[in-house]
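Visitor: What follows is start04.txt, made up of compact mmCIF, C-alpha atoms and all ligand atoms:
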```txt
# COMPACT_ATOMS: atom_id res chain seq x y z
CA MET M 1 0.54 -7.61 20.07
CA SER M 2 -2.74 -9.39 20.58
CA VAL M 3 -2.01 -12.68 22.34
CA PHE M 4 -1.63 -11.69 25.96
CA THR M 5 -2.54 -15.16 27.25
CA PRO M 6 -0.99 -17.93 25.14
CA LEU M 7 -3.20 -20.98 24.55
CA HIS M 8 -2.11 -24.55 23.78
CA GLU M 9 -3.94 -26.90 21.44
CA SER M 10 -5.25 -28.88 24.42
CA ASP M 11 -6.73 -25.68 26.00
CA ILE M 12 -8.69 -24.94 22.84
CA LYS M 13 -9.83 -28.56 22.32
CA GLU M 14 -11.13 -28.69 25.86
CA PHE M 15 -12.82 -25.30 25.50
CA LEU M 16 -14.68 -26.44 22.38
CA ILE M 17 -16.16 -29.63 23.96
CA PRO M 18 -19.48 -28.07 25.12
CA PHE M 19 -20.10 -26.36 21.74
CA ASN M 20 -21.77 -27.86 18.68
CA VAL M 21 -18.92 -26.96 16.35
CA GLY M 22 -17.08 -30.27 15.99
CA GLU M 23 -13.35 -30.95 16.16
CA LEU M 24 -10.47 -28.50 16.05
CA ILE M 25 -8.66 -28.44 12.67
CA ARG M 26 -6.31 -25.49 13.18
CA TYR M 27 -5.83 -22.34 15.23
CA SER M 28 -3.58 -19.25 15.21
CA GLY M 29 -3.13 -16.17 17.37
CA ILE M 30 -4.35 -12.93 15.76
CA ASP M 31 -1.93 -10.02 15.34
CA GLY M 32 -3.35 -6.55 15.69
CA GLY M 33 -5.65 -5.45 18.46
CA SER M 34 -4.44 -4.12 21.76
CA GLU M 35 -6.99 -5.09 24.39
CA ASN M 36 -7.85 -8.77 24.25
CA THR M 37 -6.37 -12.13 23.33
CA ASN M 38 -7.84 -13.34 20.04
CA TYR M 39 -7.37 -16.63 18.17
CA PHE M 40 -8.70 -17.76 14.81
CA VAL M 41 -10.09 -21.27 15.33
CA ASP M 42 -11.24 -23.62 12.54
CA THR M 43 -13.32 -26.72 13.23
CA ARG M 44 -15.22 -29.39 11.30
CA ASP M 45 -18.39 -31.01 12.61
CA SER M 46 -19.61 -34.60 12.17
CA GLU M 47 -21.50 -33.63 9.00
CA GLY M 48 -18.30 -32.32 7.46
CA GLN M 49 -19.31 -28.68 7.87
CA HIS M 50 -16.45 -26.25 8.37
CA HIS M 51 -16.73 -23.54 11.05
CA SER M 52 -14.49 -20.41 10.99
CA LEU M 53 -14.48 -18.95 14.48
CA VAL M 54 -12.74 -16.43 16.72
CA LEU M 55 -11.98 -17.25 20.34
CA THR M 56 -11.56 -14.16 22.54
CA LEU M 57 -10.22 -14.00 26.07
CA VAL M 58 -11.35 -10.71 27.56
CA GLU M 59 -8.27 -9.27 29.23
CA ARG M 60 -9.46 -5.81 30.24
CA GLY M 61 -12.29 -3.40 29.68
CA PRO M 62 -15.82 -3.58 31.05
CA VAL M 63 -15.69 -7.26 32.10
CA ASN M 64 -18.64 -6.92 34.50
CA GLU M 65 -20.79 -5.68 31.67
CA LEU M 66 -20.21 -8.61 29.33
CA PRO M 67 -23.85 -9.77 29.68
CA PHE M 68 -24.94 -6.42 28.18
CA PHE M 69 -22.59 -6.81 25.19
CA ILE M 70 -23.62 -10.44 24.67
CA GLU M 71 -27.29 -9.47 24.66
CA LEU M 72 -26.72 -6.48 22.37
CA LEU M 73 -24.79 -8.53 19.81
CA ALA M 74 -27.33 -11.37 19.93
CA CYS M 75 -30.05 -8.84 19.21
CA LEU M 76 -28.12 -7.14 16.39
CA HIS M 77 -27.43 -10.56 14.89
CA LYS M 78 -31.19 -11.25 14.94
CA SER M 79 -31.61 -7.98 13.01
CA ASP M 80 -29.30 -9.50 10.35
CA LEU M 81 -26.35 -7.20 11.05
CA PRO M 82 -22.90 -8.75 10.48
CA VAL M 83 -21.60 -8.67 14.06
CA PRO M 84 -19.55 -11.05 16.22
CA TYR M 85 -22.35 -12.45 18.37
CA SER M 86 -21.33 -15.00 21.00
CA ILE M 87 -22.12 -18.57 20.08
CA ALA M 88 -23.94 -20.41 22.85
CA ASP M 89 -22.96 -23.93 23.87
CA ARG M 90 -25.41 -26.88 23.95
CA THR M 91 -26.83 -25.66 27.29
CA GLY M 92 -27.41 -22.12 25.97
CA LEU M 93 -24.40 -20.62 27.75
CA ALA M 94 -22.44 -18.00 25.78
CA LEU M 95 -20.11 -16.62 28.46
CA HIS M 96 -17.40 -19.12 29.38
CA THR M 97 -14.11 -18.96 31.29
CA LEU M 98 -10.68 -19.97 30.05
CA LYS M 99 -7.37 -19.38 31.85
CA ASP M 100 -9.30 -17.42 34.50
CA ARG M 101 -10.56 -14.97 31.90
CA PRO M 102 -14.02 -14.49 30.40
CA ALA M 103 -13.98 -16.35 27.07
CA LEU M 104 -16.26 -15.97 24.05
CA LEU M 105 -16.57 -17.93 20.81
CA GLN M 106 -17.79 -15.93 17.81
CA PRO M 107 -18.15 -16.44 14.06
CA ARG M 108 -15.19 -15.22 12.02
CA LEU M 109 -16.50 -12.42 9.84
CA SER M 110 -15.23 -12.13 6.28
CA GLY M 111 -13.73 -9.14 4.48
CA LYS M 112 -10.83 -6.75 4.99
CA HIS M 113 -10.38 -3.54 6.95
CA PRO M 114 -10.88 -0.67 4.47
CA ASP M 115 -7.56 1.19 4.69
CA GLN M 116 -8.46 3.67 1.97
CA PRO M 117 -12.25 3.79 1.95
CA THR M 118 -13.99 4.62 -1.30
CA ILE M 119 -17.12 6.73 -1.75
CA GLY M 120 -19.13 3.51 -2.18
CA GLN M 121 -17.72 2.07 1.04
CA CYS M 122 -18.60 5.24 2.96
CA ALA M 123 -22.16 4.96 1.65
CA ALA M 124 -22.31 1.33 2.80
CA LEU M 125 -21.07 2.41 6.22
CA GLY M 126 -23.84 5.04 6.38
CA GLU M 127 -26.45 2.35 5.67
CA PHE M 128 -24.93 0.07 8.30
CA LEU M 129 -24.99 2.83 10.94
CA ALA M 130 -28.62 3.66 10.23
CA ALA M 131 -29.56 -0.03 10.49
CA LEU M 132 -27.61 -0.30 13.76
CA HIS M 133 -29.37 2.74 15.23
CA LYS M 134 -32.78 1.55 14.08
CA ALA M 135 -32.37 -2.05 15.28
CA SER M 136 -35.22 -2.77 17.66
CA CYS M 137 -32.86 -3.91 20.45
CA THR M 138 -31.59 -0.40 20.97
CA GLY M 139 -35.01 0.52 22.40
CA ARG M 140 -34.84 -1.87 25.31
CA LEU M 141 -31.10 -2.02 26.10
CA GLN M 142 -29.37 0.86 27.88
CA ARG M 143 -25.78 1.50 28.95
CA HIS M 144 -24.26 4.64 30.43
CA ASN M 145 -21.73 6.22 28.07
CA ASP M 146 -18.62 6.80 30.16
CA ARG M 147 -16.96 8.57 27.20
CA GLY M 148 -19.89 10.90 26.52
CA PRO M 149 -19.79 14.72 26.10
CA ASP M 150 -19.59 15.41 29.88
CA TRP M 151 -16.49 13.25 30.19
CA VAL M 152 -14.97 14.71 27.01
CA LEU M 153 -15.33 18.34 28.07
CA LYS M 154 -14.23 17.74 31.65
CA SER M 155 -11.18 15.69 30.60
CA ALA M 156 -10.21 18.21 27.90
CA GLN M 157 -10.24 20.97 30.52
CA LEU M 158 -7.91 18.92 32.74
CA MET M 159 -5.62 18.21 29.77
CA LEU M 160 -5.55 21.91 28.90
CA ASN M 161 -4.29 22.68 32.39
CA LYS M 162 -1.53 20.04 32.14
CA GLN M 163 -0.31 18.50 28.87
CA TRP M 164 -1.98 20.82 26.38
CA GLN M 165 -0.60 24.15 27.63
CA ASP M 166 1.26 24.71 24.33
CA ASP M 167 -2.11 24.79 22.57
CA ALA M 168 -3.73 27.19 25.04
CA VAL M 169 -3.92 30.17 22.65
CA TRP M 170 -6.35 28.56 20.23
CA LEU M 171 -7.70 25.82 22.51
CA ILE M 172 -9.14 28.05 25.27
CA PRO M 173 -11.55 29.92 22.94
CA ALA M 174 -12.35 26.72 21.01
CA LEU M 175 -13.28 24.86 24.21
CA LYS M 176 -15.28 27.82 25.46
CA GLN M 177 -17.31 27.90 22.26
CA LEU M 178 -17.97 24.17 22.49
CA CYS M 179 -18.91 24.34 26.20
CA ASP M 180 -21.25 27.28 25.52
CA TRP M 181 -23.03 25.24 22.88
CA TYR M 182 -23.24 22.19 25.18
CA LYS M 183 -24.77 24.35 27.94
CA THR M 184 -27.74 24.95 25.64
CA THR M 185 -28.58 21.26 26.39
CA PRO M 186 -29.04 20.10 22.83
CA ARG M 187 -31.73 17.42 22.53
CA LEU M 188 -30.35 15.03 19.97
CA PRO M 189 -31.96 11.64 19.38
CA GLU M 190 -30.26 8.71 21.09
CA ALA M 191 -29.83 4.99 20.54
CA ILE M 192 -27.20 2.42 21.39
CA ILE M 193 -24.22 3.65 19.38
CA HIS M 194 -21.05 1.74 18.48
CA GLY M 195 -18.84 4.57 19.71
CA ASP M 196 -15.59 3.38 18.09
CA LEU M 197 -16.37 2.50 14.49
CA PHE M 198 -12.95 3.22 13.03
CA ARG M 199 -11.83 1.48 9.83
CA ASP M 200 -9.97 -1.13 11.87
CA ASN M 201 -13.27 -2.14 13.46
CA ALA M 202 -15.01 -2.72 10.14
CA MET M 203 -14.59 -5.40 7.52
CA MET M 204 -15.68 -4.96 3.93
CA THR M 205 -15.75 -6.88 0.68
CA GLU M 206 -15.89 -4.37 -2.14
CA ASP M 207 -18.77 -2.01 -1.25
CA LYS M 208 -20.40 -4.28 1.31
CA VAL M 209 -19.98 -4.16 5.08
CA THR M 210 -19.28 -7.79 5.98
CA GLY M 211 -18.40 -7.26 9.61
CA VAL M 212 -18.29 -4.72 12.42
CA ILE M 213 -16.41 -5.73 15.54
CA ASP M 214 -15.29 -4.37 18.91
CA PHE M 215 -18.53 -3.18 20.48
CA TYR M 216 -16.92 -2.57 23.89
CA ASN M 217 -17.57 1.19 23.64
CA ALA M 218 -21.22 0.67 22.72
CA ALA M 219 -23.51 2.73 24.95
CA THR M 220 -26.58 4.93 24.91
CA GLY M 221 -25.63 8.14 23.15
CA TRP M 222 -26.34 10.61 20.39
CA MET M 223 -26.66 8.81 17.08
CA LEU M 224 -24.99 11.82 15.46
CA MET M 225 -21.86 11.08 17.52
CA ASP M 226 -21.40 7.73 15.72
CA LEU M 227 -21.53 9.56 12.38
CA ALA M 228 -19.02 12.17 13.52
CA ILE M 229 -16.62 9.49 14.82
CA CYS M 230 -16.82 7.76 11.44
CA VAL M 231 -16.35 10.97 9.44
CA ASN M 232 -13.22 11.80 11.46
CA ASP M 233 -11.63 8.45 10.57
CA TRP M 234 -13.18 7.41 7.23
CA CYS M 235 -13.56 10.68 5.36
CA VAL M 236 -10.23 12.45 5.78
CA SER M 237 -7.17 12.77 3.60
CA LEU M 238 -5.58 9.48 2.50
CA PRO M 239 -1.95 8.44 3.07
CA GLY M 240 0.38 10.47 0.87
CA GLU M 241 -1.60 13.68 1.29
CA ASP M 242 0.51 15.64 3.75
CA LYS M 243 -2.12 18.08 5.00
CA LEU M 244 -5.12 16.89 7.00
CA SER M 245 -8.31 17.64 5.11
CA LEU M 246 -11.88 16.40 4.95
CA ASP M 247 -13.22 14.77 1.80
CA PRO M 248 -16.68 16.29 1.11
CA GLN M 249 -17.57 13.53 -1.36
CA ARG M 250 -17.03 10.71 1.12
CA ILE M 251 -18.78 12.69 3.88
CA ASP M 252 -21.73 13.33 1.60
CA ALA M 253 -21.96 9.66 0.61
CA LEU M 254 -21.94 8.55 4.25
CA LEU M 255 -24.50 11.10 5.44
CA GLN M 256 -26.86 10.74 2.46
CA ALA M 257 -26.94 6.95 2.69
CA TYR M 258 -27.63 7.21 6.43
CA ALA M 259 -30.34 9.87 6.04
CA THR M 260 -32.18 7.80 3.43
CA LEU M 261 -32.93 5.34 6.24
CA ARG M 262 -33.08 7.78 9.17
CA PRO M 263 -33.54 11.43 8.21
CA PHE M 264 -31.76 13.97 10.43
CA THR M 265 -33.78 16.25 12.72
CA GLU M 266 -33.42 20.04 12.42
CA GLU M 267 -31.58 20.10 15.77
CA GLU M 268 -29.13 17.47 14.53
CA LYS M 269 -28.42 19.56 11.43
CA SER M 270 -27.49 22.61 13.47
CA ALA M 271 -25.56 20.54 16.05
CA TRP M 272 -23.39 18.80 13.44
CA PRO M 273 -20.35 21.16 13.53
CA TYR M 274 -20.16 20.84 17.32
CA VAL M 275 -20.62 17.08 17.37
CA LEU M 276 -17.76 16.76 14.88
CA GLN M 277 -15.60 18.71 17.33
CA LEU M 278 -16.69 16.61 20.32
CA ALA M 279 -15.93 13.40 18.43
CA ALA M 280 -12.40 14.62 17.61
CA LEU M 281 -11.81 15.84 21.15
CA ARG M 282 -13.02 12.50 22.60
CA PHE M 283 -10.21 10.62 20.83
CA TRP M 284 -7.60 13.33 21.33
CA VAL M 285 -8.21 12.93 25.08
CA SER M 286 -8.34 9.12 25.12
CA ARG M 287 -5.25 8.73 22.90
CA GLN M 288 -3.35 11.27 25.02
CA GLN M 289 -4.31 9.44 28.23
CA TYR M 290 -3.35 6.07 26.74
CA ALA M 291 -0.02 7.45 25.46
CA SER M 292 0.82 8.88 28.90
CA GLN M 293 -0.10 5.65 30.70
CA HIS M 294 1.88 3.42 28.33
CA GLN M 295 4.94 5.57 27.66
CA ASN M 296 8.06 3.45 26.97
CA LYS M 297 6.18 0.15 27.27
CA ALA M 298 7.34 -2.39 24.70
CA GLY M 299 4.71 -4.10 22.55
CA VAL M 300 1.99 -1.51 23.20
CA LEU M 301 0.54 0.17 20.13
CA ILE M 302 0.23 3.90 20.83
CA LYS M 303 -2.10 5.67 18.42
CA ASP M 304 -1.09 9.22 17.58
CA PRO M 305 -2.99 11.82 19.69
CA ASP M 306 -1.79 14.59 17.38
CA TYR M 307 -4.04 13.34 14.56
CA PHE M 308 -7.07 14.26 16.66
CA ARG M 309 -5.51 17.51 17.85
CA GLN M 310 -5.34 18.53 14.19
CA THR M 311 -8.83 17.21 13.48
CA PHE M 312 -10.30 19.14 16.40
CA MET M 313 -8.44 22.28 15.33
CA LEU M 314 -9.78 21.88 11.78
CA HIS M 315 -13.40 21.52 12.97
CA ALA M 316 -13.11 24.32 15.53
CA ALA M 317 -11.75 26.67 12.86
CA SER M 318 -14.70 25.93 10.56
CA ALA M 319 -17.48 25.69 13.13
CA ASN M 320 -19.83 27.19 10.57
CA THR M 321 -19.00 24.33 8.25
CA ASN M 322 -21.29 23.85 5.30
CA LEU M 323 -21.06 20.05 5.69
CA THR M 324 -24.55 19.97 7.14
CA PRO M 325 -26.23 16.57 7.02
CA HIS M 326 -29.00 16.17 4.46
CA SER M 327 -32.54 15.43 5.47
N1 LIG B 1 -15.17 -11.92 14.66
C1 LIG B 1 -14.07 -11.61 13.94
N2 LIG B 1 -13.99 -11.97 12.65
C2 LIG B 1 -12.88 -11.71 11.90
N3 LIG B 1 -11.79 -11.08 12.40
C3 LIG B 1 -11.82 -10.70 13.68
C4 LIG B 1 -12.95 -10.93 14.53
N4 LIG B 1 -12.66 -10.45 15.76
C5 LIG B 1 -11.43 -9.92 15.68
N5 LIG B 1 -10.92 -10.07 14.43
C6 LIG B 1 -9.59 -9.63 13.96
O1 LIG B 1 -8.76 -9.50 15.08
C7 LIG B 1 -8.22 -8.16 15.17
C8 LIG B 1 -8.15 -7.76 16.64
O2 LIG B 1 -9.45 -7.76 17.19
P1 LIG B 1 -9.97 -6.56 18.08
O3 LIG B 1 -9.88 -5.27 17.32
O4 LIG B 1 -11.30 -6.93 18.63
O5 LIG B 1 -8.84 -6.56 19.18
P2 LIG B 1 -8.86 -5.96 20.59
O6 LIG B 1 -7.50 -6.11 21.15
O7 LIG B 1 -10.00 -6.59 21.35
O8 LIG B 1 -9.32 -4.46 20.37
P3 LIG B 1 -8.65 -3.04 19.99
O9 LIG B 1 -7.19 -3.14 19.78
O10 LIG B 1 -9.37 -2.62 18.73
O11 LIG B 1 -9.03 -2.23 21.16
C9 LIG B 1 -9.18 -7.31 14.37
O12 LIG B 1 -8.55 -6.19 13.83
C10 LIG B 1 -9.66 -8.26 13.29
O13 LIG B 1 -8.79 -8.22 12.19
N1 LIG B 2 -10.23 3.46 17.96
C1 LIG B 2 -9.52 4.06 19.05
C2 LIG B 2 -8.81 3.04 19.93
C3 LIG B 2 -9.72 2.05 20.61
O1 LIG B 2 -10.75 2.69 21.33
C4 LIG B 2 -8.48 5.06 18.50
O2 LIG B 2 -8.16 4.97 17.30
O3 LIG B 2 -7.99 5.87 19.25
```
For the file at hand, write its structure as structure tokens.
Guide:
Amino acid sequence: MSVFTPLHESDIKEFLIPFNVGELIRYSGIDGGSENTNYFVDTRDSEGQHHSLVLTLVERGPVNELPFFIELLACLHKSDLPVPYSIADRTGLALHTLKDRPALLQPRLSGKHPDQPTIGQCAALGEFLAALHKASCTGRLQRHNDRGPDWVLKSAQLMLNKQWQDDAVWLIPALKQLCDWYKTTPRLPEAIIHGDLFRDNAMMTEDKVTGVIDFYNAATGWMLMDLAICVNDWCVSLPGEDKLSLDPQRIDALLQAYATLRPFTEEEKSAWPYVLQLAALRFWVSRQQYASQHQNKAGVLIKDPDYFRQTFMLHAASANTNLTPHS
């Protein structure tokens, strides 16, 4: 479900008045997505130009921090990255209100979510991530990462004491090993990271990234964490393969393409096996929390926590993985 606040034609027409996008031609609610209300909106201006747009009502999430996200996306757009920047109205205002909710108008990005990513698509993702991390805006914008390693390790410990007791035998030593590594205070280079770049937040046309959406987890963090999050979703076994496994070819393509633009430091190379674990644990925790909070609620898409339990177990078991990033 992704229309939490239904809109009528007259609501959208009125909303569009201050913008330079012309008249409404058609609109439709977007299926998929679980946080916000999204509508595709098509308009035509007085010169006959067609505009394909997305209207978002922000329903939950870090509403008070919208100015940060608007500024970040404006800056990434200036760096030529295909992101849903907020279109400003004739007075320069990007953040509007509709039905008592913050409302944003963005360009509709082309392409499809890559369900079964190819090696070429993983390489394109690597290039996109490097460009994102190197974009000049990430030097001046900062945001605290409330899903960073401290939160992950603390929350995992709480989960272990409650819902994850059945996993205690292997989980206790695995968490201890990870905590011991984290106590060495690894100094990994930081930037503004996306933090949630799963396949359903990317759009591609063949081997080209044509859009990356949903920046609401973007924050200051280890750049390596973005790579690990992507590896855990983009470079694993495809549907039909019953056992979870990593695909070294897709991982290699992603990491090599990234490192061509931003070579890894020596500390990043040795941290990689642990960051892969942290990235898996981060989503095991957040999916488990979401599943517990939304148990038996109709219309809520619960993503499977067990996928990340298995991913974490796989990484913990091969902590001396040879999937070291290339320089
Ligand atoms: N700017 C855009 N261009 C094209 N399609 C978009 C755009 N924004 C959103 N979409 C489509 O709408 C769907 C839902 O959007 P989104 O993922 O942002 O929903 P959400 O409810 O805010 O977040 P989520 O469920 O991922 O937490 C996306 O999967 C995508 O297909
Ligand atoms: N991408 C996340 C959900 C949104 O943060 C997940 O798959 O668990």
Visitor: Point out the residue among M:His51, M:Lys269, M:Arg147, M:His113 with the least atom-to-atom distance to ligand LIG 1 (chain B), counting all atoms listed in the file.
Guide: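 Under the stated criterion, the closest residue is M:His113.
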Visitor: What separation in Å, quoted to one decimal, exists between atom O12 of ligand LIG 1 (chain B) and CA of Pro6 in chain M?
Guide: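 Spanning atom O12 of ligand LIG 1 (chain B) to CA of Pro6 in chain M is a straight-line distance of 18.0 Å.
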Visitor: Would you mind reading off the distance between CA of Glu267 in chain M and CA of Asn232 in chain M, one decimal, in Å?
Guide: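 CA of Asn232 in chain M lies at a distance of 20.6 Å from CA of Glu267 in chain M.
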Visitor: Find the residue from M:Asp196, M:Glu266, M:Glu206, M:Asp150 that sits nearest to ligand LIG 2 (chain B); use only C-alpha atoms and all ligand atoms when measuring.
Guide: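 So, comparing all the options, the nearest one is M:Asp196.
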Visitor: Nearest to His50 in chain M: which of M:Thr260, M:Ser286, M:Asn64, M:Asn20 is it, counting only C-alpha atoms?
Guide: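 Of all the options, M:Asn20 lies closest to His50 in chain M.
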Visitor: Which of these, M:Met203, M:Val275, M:Val169, M:Leu81, has the shortest distance to Gly221 in chain M once you count all atoms listed in the file?
Guide: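 Smallest distance to Gly221 in chain M is found for M:Val275.
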Visitor: I want to know what sits within 9 Å of Met204 in chain M, based on all atoms listed in the file, with residues of the same chain fewer than 3 positions away left out; could you give that as a list in words?
Guide: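 Using all atoms listed in the file, the neighbours found are Ser110, Gly111, Lys112, His113, Pro114, Gln121, Asp207, Lys208, Val209, Thr210, Gly211 and Val212 of chain M.
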Visitor: Identify which of the residues M:Lys243, M:Lys134, M:Arg199, M:His315 lies closest to ligand LIG 2 (chain B), counting all atoms listed in the file when measuring atom-to-atom distances.
Guide: M:Arg199
Visitor: With distances taken over all atoms listed in the file, which residue among M:Leu105, M:Val236, M:Met313, M:Cys75 lies nearest Ala168 in chain M?
Guide: M:Met313
Visitor: For Ala218 in chain M, work out the shell of residues within 9 Å, counting only C-alpha atoms and skipping chain neighbours fewer than 4 positions away, then give it as a PyMOL selection string.
Guide: chain M and resi 69+143+145+192-196+214
Visitor: Taking the point (-3.9, 7.5, 18.9) as given in the file, collect each protein or nucleic acid residue that comes within 9 Å of it, counting only C-alpha atoms, and present the set as a compact mmCIF listing (two decimals) with C-alpha atoms, in the coordinates of the input.
Guide:
```
# COMPACT_ATOMS: atom_id res chain seq x y z
CA PHE M 283 -10.21 10.62 20.83
CA TRP M 284 -7.60 13.33 21.33
CA SER M 286 -8.34 9.12 25.12
CA ARG M 287 -5.25 8.73 22.90
CA GLN M 288 -3.35 11.27 25.02
CA TYR M 290 -3.35 6.07 26.74
CA ALA M 291 -0.02 7.45 25.46
CA LEU M 301 0.54 0.17 20.13
CA ILE M 302 0.23 3.90 20.83
CA LYS M 303 -2.10 5.67 18.42
CA ASP M 304 -1.09 9.22 17.58
CA PRO M 305 -2.99 11.82 19.69
CA ASP M 306 -1.79 14.59 17.38
CA TYR M 307 -4.04 13.34 14.56
CA PHE M 308 -7.07 14.26 16.66
```
Visitor: So that each row is one residue of range 84-157 of chain M with an atom at most 10 Å from range 29-48 of chain M, can you give its shortest atom pair and the distance in Å to one decimal, using all atoms listed in the file, rows by chain and rising number, as JSON lines?
Guide:
```
{"residue": "M:Arg101", "atom": "CA", "partner": "M:Thr37", "partner_atom": "CA", "distance": 10.0}
{"residue": "M:Ala103", "atom": "CA", "partner": "M:Thr37", "partner_atom": "CA", "distance": 9.5}
{"residue": "M:Leu104", "atom": "CA", "partner": "M:Asn38", "partner_atom": "CA", "distance": 9.7}
{"residue": "M:Leu105", "atom": "CA", "partner": "M:Val41", "partner_atom": "CA", "distance": 9.1}
{"residue": "M:Gln106", "atom": "CA", "partner": "M:Val41", "partner_atom": "CA", "distance": 9.7}
{"residue": "M:Pro107", "atom": "CA", "partner": "M:Val41", "partner_atom": "CA", "distance": 9.5}
{"residue": "M:Arg108", "atom": "CA", "partner": "M:Phe40", "partner_atom": "CA", "distance": 7.5}
```
Visitor: Dump C-alpha atoms for the selected residues as an mmCIF file, in the frame of the given file?
Guide:
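Final output, part.cif:
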```cif
data_model
loop_
_atom_site.group_PDB
_atom_site.id
_atom_site.type_symbol
_atom_site.label_atom_id
_atom_site.label_comp_id
_atom_site.auth_asym_id
_atom_site.auth_seq_id
_atom_site.Cartn_x
_atom_site.Cartn_y
_atom_site.Cartn_z
ATOM 1 C CA ARG M 101 -10.560 -14.970 31.900
ATOM 2 C CA ALA M 103 -13.980 -16.350 27.070
ATOM 3 C CA LEU M 104 -16.260 -15.970 24.050
ATOM 4 C CA LEU M 105 -16.570 -17.930 20.810
ATOM 5 C CA GLN M 106 -17.790 -15.930 17.810
ATOM 6 C CA PRO M 107 -18.150 -16.440 14.060
ATOM 7 C CA ARG M 108 -15.190 -15.220 12.020
#
```
Visitor: Excluding Leu76 in chain M and residues on its chain fewer than 5 positions from it, collect all residues at most 8 Å away from it, counting all atoms listed in the file, and give them as an MDAnalysis selection string.
Guide: chainID M and resid 81 83 132 135 137
Visitor: To one decimal place in Å, what is the distance between CA of Ala317 in chain M and CA of Tyr182 in chain M?
Guide: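 CA of Ala317 in chain M sits 17.4 Å away from CA of Tyr182 in chain M.
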Visitor: Tell me which protein, DNA and RNA residues are within 10 Å of Lys99 in chain M, counting all atoms listed in the file, leaving out same-chain ones fewer than 3 positions away, and put them as a PyMOL selection string.
Guide: chain M and resi 5-7+11+57+102-103
Visitor: Would you be able to write out as a ChimeraX atom specification which residues have an atom within 10 Å of (-12.3, 24.2, 23.6) in the file's coordinates, counting all atoms listed in the file?
Guide: /M:153,156-157,160,168,170-180,277-278,281,312-313,316
Visitor: If the box runs along x, y and z of the file and leaves 5 Å on each side of ligand LIG 2 (chain B), what are its centre and edge lengths in Å, one decimal, as AutoDock Vina command-line options?
Guide:
```
--center_x -9.4 --center_y 4.0 --center_z 19.3 --size_x 12.8 --size_y 13.8 --size_z 14.0
```
Visitor: Just range 4-46 of chain M from the block, C-alpha atoms, as a short mmCIF file (atom, residue, chain, number, x, y, z; two decimals), in the first residue's frame, could you?
Guide:
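decode36.cif, freshly written:
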```
data_model
loop_
_atom_site.label_atom_id
_atom_site.label_comp_id
_atom_site.auth_asym_id
_atom_site.auth_seq_id
_atom_site.Cartn_x
_atom_site.Cartn_y
_atom_site.Cartn_z
CA PHE M 4 -2.11 6.58 2.85
CA THR M 5 -3.74 9.97 2.15
CA PRO M 6 -6.04 9.86 -0.88
CA LEU M 7 -5.94 12.95 -3.12
CA HIS M 8 -8.67 14.24 -5.45
CA GLU M 9 -8.04 15.86 -8.81
CA SER M 10 -8.89 19.28 -7.34
CA ASP M 11 -6.27 18.82 -4.54
CA ILE M 12 -3.55 18.17 -7.09
CA LYS M 13 -4.64 20.98 -9.45
CA GLU M 14 -4.57 23.45 -6.58
CA PHE M 15 -1.20 22.14 -5.38
CA LEU M 16 0.35 22.66 -8.82
CA ILE M 17 -0.73 26.34 -9.18
CA PRO M 18 2.46 27.90 -7.73
CA PHE M 19 4.76 25.69 -9.87
CA ASN M 20 5.94 26.34 -13.41
CA VAL M 21 4.81 22.96 -14.70
CA GLY M 22 1.55 23.80 -16.47
CA GLU M 23 -1.78 22.00 -16.29
CA LEU M 24 -2.57 18.57 -14.90
CA ILE M 25 -3.12 15.92 -17.60
CA ARG M 26 -3.36 12.78 -15.47
CA TYR M 27 -2.41 11.34 -12.09
CA SER M 28 -2.36 7.94 -10.36
CA GLY M 29 -1.45 6.62 -6.93
CA ILE M 30 1.77 4.57 -6.84
CA ASP M 31 1.68 1.00 -5.52
CA GLY M 32 4.71 -0.21 -3.63
CA GLY M 33 6.46 1.73 -0.92
CA SER M 34 5.48 1.58 2.70
CA GLU M 35 6.26 4.95 4.24
CA ASN M 36 4.83 7.81 2.21
CA THR M 37 1.95 8.66 -0.10
CA ASN M 38 3.20 8.89 -3.69
CA TYR M 39 1.38 9.91 -6.88
CA PHE M 40 2.58 9.99 -10.47
CA VAL M 41 1.50 13.34 -11.90
CA ASP M 42 1.71 14.34 -15.58
CA THR M 43 1.37 17.94 -16.73
CA ARG M 44 1.77 20.01 -19.90
CA ASP M 45 2.97 23.60 -19.89
CA SER M 46 1.94 26.49 -22.16
#
```
